[in-house]
Amino acid sequence: MKLCVVGAGGRMGQYVLELAGAAPDIDIVAAVDHPESPLVGTQVAAGVTVDSDVEAAVAAADVYVDFSVPAATAAAAHAGAKHKVAGVVGTTGLDAPAESALAELARHAPMLLAANFSLGVNLLMVLAEKAAAALPGYDLEVVELHHNKKRDAPSGTAIALAKALAAGRGLDYDHARRYSREGNVGERPADEIGVVAVRGGDVIGEHTAYLVGGTERIELSHRAANRSLFADGALRAARWLHDKQPGRYTMRDVLGL
């Protein structure tokens, strides 16, 4: 499988390059980063140096893996659609242009977007949805904790977890969600889902879904111990995706959940 890594200079891009470079079934053919990146021009695999030409890099591959920023995600998706290259996308905080470009990609090639590529987190989503459905009278809350360098809040995973709770309860997410609370907000509505973001230190990522009843509390939690688990999940998704038909897929599809 010929692989392109978008966002090669980032932490996740580095993990993907490291794991892919050690995989006998993957051939790294291109890596791309923003033009000002100090990594541009350096060699990251045999015969492969980091470039800033997104379209050329994506066009060379069977699948690209993207952990970058929304503008780069949009550019890679446009290139993937043009050249019919499958895309595995883990960029968070996506804006409207990036979402539109990914929708375009899915019309021409297989595309998988995930807020989190951890196998455990994706199982957590399923458990949270089932728990919310099974416990209709319980209040639903999500708390996430990440390192102090993280730019977006709440995290994409926290939002996905809250959406799983909303799906289990049959709620409209945009109406039900409450990002943090401040001031005299009044009583908590029964159909509200609170989402709180905490930042500090070098925490890789922790997410907890709370289901709080009158006499008990259930906590469904996931704690990441090493970022390599996300890269490993992304490469598993890439292997699964590269021979699929055009369309939008999820990690649930990859895991058969």
# chains A, B, ... in the order shown; residues from 1 in each chain; ligands from 1

call {"tool": "select_by_dssp", "arguments": {"residues": "range 56-256 of chain A", "states": "strand (DSSP E)", "output": "PyMOL selection string"}}
result
chain A and resi 63-66+86-89+110-113+139-146+177-179+193-199+206-212+217-223+247-249

call {"tool": "closest_atom_pairs", "arguments": {"of": "range 30-67 of chain A", "to": "range 231-245 of chain A", "cutoff": "9 Å", "atoms": "only C-alpha atoms", "output": "JSON lines"}}
result
{"residue": "A:Asp62", "atom": "CA", "partner": "A:His242", "partner_atom": "CA", "distance": 6.5}
{"residue": "A:Val63", "atom": "CA", "partner": "A:His242", "partner_atom": "CA", "distance": 6.0}
{"residue": "A:Tyr64", "atom": "CA", "partner": "A:Ala238", "partner_atom": "CA", "distance": 7.8}
{"residue": "A:Val65", "atom": "CA", "partner": "A:Ala234", "partner_atom": "CA", "distance": 7.2}

call {"tool": "residues_around", "arguments": {"residues": "Glu99 in chain A", "least_positions_apart": "4", "cutoff": "10 Å", "atoms": "only C-alpha atoms", "output": "MDAnalysis selection string"}}
result
chainID A and resid 70 73:74 77 94:95 103:105

call {"tool": "select_by_dssp", "arguments": {"residues": "range 153-187 of chain A", "states": "alpha helix (DSSP H)", "output": "PyMOL selection string"}}
result
chain A and resi 156-169+173-176

call {"tool": "write_last_selection", "arguments": {"atoms": "N, CA and C atoms", "output": "mmCIF file, in the first residue's frame"}}
result
data_model
loop_
_atom_site.group_PDB
_atom_site.id
_atom_site.type_symbol
_atom_site.label_atom_id
_atom_site.label_comp_id
_atom_site.auth_asym_id
_atom_site.auth_seq_id
_atom_site.Cartn_x
_atom_site.Cartn_y
_atom_site.Cartn_z
ATOM 1 N N GLY A 156 -12.318 16.846 19.754
ATOM 2 C CA GLY A 156 -13.172 16.134 18.807
ATOM 3 C C GLY A 156 -13.716 14.845 19.388
ATOM 4 N N THR A 157 -12.914 14.182 20.206
ATOM 5 C CA THR A 157 -13.368 12.939 20.827
ATOM 6 C C THR A 157 -14.480 13.195 21.835
ATOM 7 N N ALA A 158 -14.353 14.288 22.612
ATOM 8 C CA ALA A 158 -15.399 14.620 23.580
ATOM 9 C C ALA A 158 -16.717 14.905 22.871
ATOM 10 N N ILE A 159 -16.640 15.618 21.764
ATOM 11 C CA ILE A 159 -17.850 15.911 20.992
ATOM 12 C C ILE A 159 -18.448 14.620 20.441
ATOM 13 N N ALA A 160 -17.590 13.743 19.906
ATOM 14 C CA ALA A 160 -18.076 12.469 19.374
ATOM 15 C C ALA A 160 -18.712 11.619 20.480
ATOM 16 N N LEU A 161 -18.122 11.654 21.676
ATOM 17 C CA LEU A 161 -18.670 10.901 22.803
ATOM 18 C C LEU A 161 -20.026 11.461 23.212
ATOM 19 N N ALA A 162 -20.129 12.783 23.256
ATOM 20 C CA ALA A 162 -21.413 13.413 23.584
ATOM 21 C C ALA A 162 -22.461 13.113 22.511
ATOM 22 N N LYS A 163 -22.045 13.079 21.265
ATOM 23 C CA LYS A 163 -22.979 12.739 20.184
ATOM 24 C C LYS A 163 -23.450 11.295 20.300
ATOM 25 N N ALA A 164 -22.566 10.407 20.760
ATOM 26 C CA ALA A 164 -22.968 9.019 20.976
ATOM 27 C C ALA A 164 -24.023 8.930 22.078
ATOM 28 N N LEU A 165 -23.839 9.711 23.144
ATOM 29 C CA LEU A 165 -24.850 9.750 24.209
ATOM 30 C C LEU A 165 -26.167 10.288 23.676
ATOM 31 N N ALA A 166 -26.085 11.340 22.863
ATOM 32 C CA ALA A 166 -27.302 11.923 22.287
ATOM 33 C C ALA A 166 -28.021 10.920 21.388
ATOM 34 N N ALA A 167 -27.255 10.168 20.602
ATOM 35 C CA ALA A 167 -27.862 9.172 19.713
ATOM 36 C C ALA A 167 -28.567 8.091 20.520
ATOM 37 N N GLY A 168 -27.946 7.668 21.613
ATOM 38 C CA GLY A 168 -28.564 6.641 22.446
ATOM 39 C C GLY A 168 -29.853 7.111 23.089
ATOM 40 N N ARG A 169 -29.931 8.405 23.339
ATOM 41 C CA ARG A 169 -31.105 8.977 23.989
ATOM 42 C C ARG A 169 -32.109 9.530 22.971
ATOM 43 N N TYR A 173 -28.322 16.659 18.943
ATOM 44 C CA TYR A 173 -27.100 17.051 19.640
ATOM 45 C C TYR A 173 -26.957 18.566 19.768
ATOM 46 N N ASP A 174 -27.177 19.274 18.685
ATOM 47 C CA ASP A 174 -26.978 20.728 18.707
ATOM 48 C C ASP A 174 -27.910 21.414 19.701
ATOM 49 N N HIS A 175 -29.079 20.831 19.927
ATOM 50 C CA HIS A 175 -30.014 21.394 20.909
ATOM 51 C C HIS A 175 -29.642 20.966 22.332
ATOM 52 N N ALA A 176 -29.145 19.739 22.486
ATOM 53 C CA ALA A 176 -28.911 19.184 23.822
ATOM 54 C C ALA A 176 -27.584 19.614 24.443
#

call {"tool": "closest_residue", "arguments": {"among": "A:Val5, A:Leu171, A:Leu39, A:Val142", "to": "Ala209 in chain A", "atoms": "only C-alpha atoms"}}
result
A:Val142

call {"tool": "closest_residue", "arguments": {"among": "A:Ala22, A:Leu220, A:Val254, A:Val54", "to": "Met125 in chain A", "atoms": "only C-alpha atoms"}}
result
A:Leu220

call {"tool": "residues_around", "arguments": {"residues": "Thr208 in chain A", "least_positions_apart": "3", "cutoff": "7 Å", "atoms": "only C-alpha atoms", "output": "PyMOL selection string"}}
result
chain A and resi 142-144+219-222

call {"tool": "atom_distance", "arguments": {"atom1": "CA of Asp33 in chain A", "atom2": "CA of Gly90 in chain A"}}
result
15.1 Å

call {"tool": "decode", "arguments": {"residues": "range 41-71 of chain A", "atoms": "C-alpha atoms", "output": "JSON list (two decimals), in the first residue's frame"}}
result
[["chain", "number", "residue", "atom", "x", "y", "z"],
["A", 41, "GLY", "CA", 13.50, 18.97, 2.45],
["A", 42, "THR", "CA", 14.49, 16.37, 5.04],
["A", 43, "GLN", "CA", 14.36, 12.65, 4.35],
["A", 44, "VAL", "CA", 11.73, 10.66, 6.26],
["A", 45, "ALA", "CA", 11.86, 7.38, 4.32],
["A", 46, "ALA", "CA", 13.99, 5.80, 1.61],
["A", 47, "GLY", "CA", 13.88, 8.18, -1.34],
["A", 48, "VAL", "CA", 11.22, 10.37, 0.31],
["A", 49, "THR", "CA", 11.75, 13.95, 1.49],
["A", 50, "VAL", "CA", 9.09, 16.15, 3.03],
["A", 51, "ASP", "CA", 7.53, 18.53, 0.51],
["A", 52, "SER", "CA", 4.95, 21.32, 0.72],
["A", 53, "ASP", "CA", 3.11, 20.42, -2.51],
["A", 54, "VAL", "CA", -0.04, 18.77, -1.16],
["A", 55, "GLU", "CA", -1.53, 17.75, -4.49],
["A", 56, "ALA", "CA", 1.62, 16.06, -5.80],
["A", 57, "ALA", "CA", 2.12, 14.22, -2.51],
["A", 58, "VAL", "CA", -1.45, 12.92, -2.33],
["A", 59, "ALA", "CA", -1.52, 12.00, -6.03],
["A", 60, "ALA", "CA", 1.44, 9.65, -5.55],
["A", 61, "ALA", "CA", -0.36, 7.47, -3.00],
["A", 62, "ASP", "CA", -3.08, 4.84, -2.68],
["A", 63, "VAL", "CA", -4.09, 6.27, 0.70],
["A", 64, "TYR", "CA", -3.15, 9.40, 2.60],
["A", 65, "VAL", "CA", -3.25, 9.80, 6.37],
["A", 66, "ASP", "CA", -3.89, 13.35, 7.56],
["A", 67, "PHE", "CA", -3.24, 14.76, 11.03],
["A", 68, "SER", "CA", -2.84, 18.43, 10.21],
["A", 69, "VAL", "CA", -4.88, 21.66, 10.33],
["A", 70, "PRO", "CA", -8.23, 22.43, 8.64],
["A", 71, "ALA", "CA", -6.72, 24.36, 5.70]]
